[in-house]
Amino acid sequence: MSNLTLVLLAAGNSTRFEMEVKKQWLRIEDKPLWYYVAKNFEKTQKFSKIIIVASDDDINFMKNYASYHFVTGGTTRQQSLKNALSHVQSEYVLVSDIARACVSEELLNKIIDNHADADCVVPYLKATDTIVYDDTTIDRDKVKRLQTPQLSKTEVLQSALETDKEFTDESSAIVAHGGSRKFILGDEQAHKITYIEDLNKIPCLDAPSNDILSGNGFDVHAFDTKGEMWLGGVKIDSDFGFKAHSDGDVAIHSLIDALLGAAGMGDIGMMFPDNDDQYKGIDSKELLKRVVSKINNFGYVIVNVDLTIAAQKPRIGSYKDKMRETLSSVMQIEKSKINIKATTTEKLGFIGRAEGVGVWSNANLKYFNWKI
């Protein structure tokens with residue numbers, strides 16, 4: 001249908017999923033779930049436009065994968081949908097959830113084929129178990145389990161959502177507004193991912209790839225006669241500190257760049273600009289904690305990290321083990337996965353002249369394995 005827009009809702013925070021990784025960033029081979037679902041719909045060539053609704057933070061990273069039309073979501077599913085509908089010009093709109101990962105082309109065709117029969121076409125599943133509502137057994141033959149995607153007349157859906165009442169699906173809003181809906185038999189394979197165990201009910205999803213993603217970081221800071229010296233999250237016994245906007249922990253800054261590089265998320269300056277006063281004097285361990293949380297949310301697991309600290313002074317050999325312990329605690333990975341090396345530059349260059357410290361870092365990530 002040339003007059004059909006697809007809206008995919010992916011702005012949820014996955015609270016019921018109860019995992020650090022957000023379900024829209026689970027990997028199917030090497031593709032995030034949201035991208036896998038969008039590509040499958042795109043392959044059908046039935047849509048004049050594809051809109052992805054997500055949080056601003058997710059959208060910034062999503063744009064690395066594709067050039068769909070991205071829209072910032074709201075605090076509820078309904079508000080997210082309303083935001084998307086303001087970008088829809090087609091006569092009809094198909095709305096689905098990213099968590100509805102395995103919608104067959106057969107089901108999609110059935111929905112589209114019935115588009116002229118009602119204001120909304122909605123797939124449903126029959127109830128097979130005994131149903132009890134408020135301690136009363138009810139006729140299960142009268143119960144329908146509604147699914148997405150649902151196809152609606154755009155203007156009807158827009159009007160139906162102009163209310164403060166919250167609806168959990170499009171057809172319910174349309175019917176409450178006086179519109180009509182047509183039920184068609186849905187598909188058990190189009191199961192929605194709500195909890196982690198739901199993944200075992202969806203055979204169409206392949207396991208994440210075993211790829212190892214590597215990133216490197218490099219940072220330097222000049223010495224300053226003021227302040228304390230922090231390196232690798234540890235306070236160093238020294239008469240001088242570092243010139244920096246934050247606490248100047250050059251080791252953690254280098255490590256952050258390595259982690260962001262492995263995840264393809266830019267660099268520390270993009271995430272924590274040095275002209276932003278909220279980061280002035282901030283503890284770099286807090287910055288690292290935020291970065292680790294972000295990469296975990298987006299479906300990555302830290303495999304190991306390796307840092308090389310080049311300093312003519314101060315001597316840091318006695319601090320290396322404490323640095324490993326500290327970084328292990330901040331990153332929530334085993335101490336054995338963290339390696340720290342110390343070296344000098346044999347009195348060559350600005351490091352050799354004892355003007356500052358340079359740190360090289362490497363980080364390796366893998367995809368969160370939800371198949372285990």
# chains A, B, ... in the order shown; residues from 1 in each chain; ligands from 1
>>> residues_around(residues="range 145-150 of chain A", least_positions_apart="5", cutoff="10 Å", atoms="only C-alpha atoms", output="PyMOL selection string")
chain A and resi 6-8+93-100+103+107-108+111-112+115+120-127+169-172+181+183-188+190-192
>>> residues_around(residues="range 154-158 of chain A", least_positions_apart="4", cutoff="7 Å", atoms="only C-alpha atoms", output="number ranges by chain")
A: 85, 91-93, 119, 162, 174
>>> closest_residue(among="A:Trp25, A:Phe41, A:Tyr319, A:Trp360", to="Gly215 in chain A", atoms="only C-alpha atoms")
A:Trp360
>>> residues_around(residues="range 309-318 of chain A", least_positions_apart="6", cutoff="12 Å", atoms="only C-alpha atoms", output="MDAnalysis selection string")
chainID A and resid 217:223 229:232 234:241 249:255 324 339:362
>>> select_by_dssp(residues="range 42-82 of chain A", states="helix (DSSP H, G or I)", output="VMD selection string")
chain A and resid 42 to 43 56 to 62 77 to 82
>>> closest_residue(among="A:Lys335, A:Lys82, A:Arg27, A:Lys46", to="Glu166 in chain A", atoms="only C-alpha atoms")
A:Lys82
>>> closest_residue(among="A:Val71, A:Leu9, A:Ile202, A:Ala116", to="Ala101 in chain A", atoms="only C-alpha atoms")
A:Ile202
>>> decode(residues="range 9-32 of chain A", atoms="N, CA and C atoms", output="CSV table (one decimal), in the first residue's frame")
chain,number,residue,atom,x,y,z
A,9,LEU,N,7.0,1.2,17.8
A,9,LEU,CA,7.2,1.8,19.1
A,9,LEU,C,8.3,1.2,19.9
A,10,ALA,N,9.3,2.0,20.2
A,10,ALA,CA,10.5,1.4,20.9
A,10,ALA,C,11.0,2.4,22.0
A,11,ALA,N,10.1,3.1,22.6
A,11,ALA,CA,10.5,4.1,23.6
A,11,ALA,C,10.4,3.6,25.0
A,12,GLY,N,10.0,2.4,25.2
A,12,GLY,CA,9.8,1.9,26.6
A,12,GLY,C,11.2,1.7,27.3
A,13,ASN,N,11.1,1.7,28.6
A,13,ASN,CA,12.4,1.6,29.4
A,13,ASN,C,12.6,0.1,29.9
A,14,SER,N,11.8,-0.8,29.4
A,14,SER,CA,12.0,-2.2,29.7
A,14,SER,C,12.0,-2.6,31.2
A,15,THR,N,11.2,-1.9,32.0
A,15,THR,CA,11.2,-2.2,33.4
A,15,THR,C,10.8,-3.6,33.7
A,16,ARG,N,9.8,-4.1,33.0
A,16,ARG,CA,9.3,-5.5,33.3
A,16,ARG,C,10.3,-6.6,32.8
A,17,PHE,N,11.2,-6.2,31.9
A,17,PHE,CA,12.2,-7.1,31.4
A,17,PHE,C,13.2,-7.5,32.5
A,18,GLU,N,13.4,-6.5,33.4
A,18,GLU,CA,14.2,-6.8,34.6
A,18,GLU,C,15.6,-7.2,34.3
A,19,MET,N,16.2,-6.6,33.2
A,19,MET,CA,17.6,-6.9,32.9
A,19,MET,C,18.3,-5.5,32.6
A,20,GLU,N,19.6,-5.5,32.8
A,20,GLU,CA,20.3,-4.2,32.6
A,20,GLU,C,20.2,-3.8,31.1
A,21,VAL,N,20.2,-4.8,30.2
A,21,VAL,CA,20.1,-4.5,28.8
A,21,VAL,C,18.6,-4.2,28.5
A,22,LYS,N,18.4,-3.1,27.7
A,22,LYS,CA,17.0,-2.8,27.2
A,22,LYS,C,16.7,-3.8,26.1
A,23,LYS,N,15.4,-4.3,26.1
A,23,LYS,CA,15.1,-5.3,25.1
A,23,LYS,C,15.2,-4.9,23.7
A,24,GLN,N,15.1,-3.6,23.4
A,24,GLN,CA,15.2,-3.1,22.0
A,24,GLN,C,16.6,-3.2,21.5
A,25,TRP,N,17.6,-3.5,22.5
A,25,TRP,CA,19.0,-3.6,22.1
A,25,TRP,C,19.5,-5.0,22.2
A,26,LEU,N,18.7,-6.0,22.5
A,26,LEU,CA,19.1,-7.4,22.4
A,26,LEU,C,19.6,-7.6,20.9
A,27,ARG,N,20.6,-8.4,20.8
A,27,ARG,CA,21.1,-8.6,19.4
A,27,ARG,C,20.6,-9.9,18.8
A,28,ILE,N,20.1,-9.8,17.6
A,28,ILE,CA,19.8,-11.0,16.8
A,28,ILE,C,20.9,-11.1,15.8
A,29,GLU,N,21.8,-12.1,16.0
A,29,GLU,CA,23.1,-12.1,15.3
A,29,GLU,C,23.8,-10.8,15.7
A,30,ASP,N,24.0,-9.9,14.7
A,30,ASP,CA,24.7,-8.7,15.1
A,30,ASP,C,23.8,-7.5,15.0
A,31,LYS,N,22.5,-7.7,14.9
A,31,LYS,CA,21.5,-6.6,14.7
A,31,LYS,C,20.8,-6.4,16.0
A,32,PRO,N,20.6,-5.1,16.4
A,32,PRO,CA,19.7,-4.8,17.6
A,32,PRO,C,18.3,-5.2,17.2
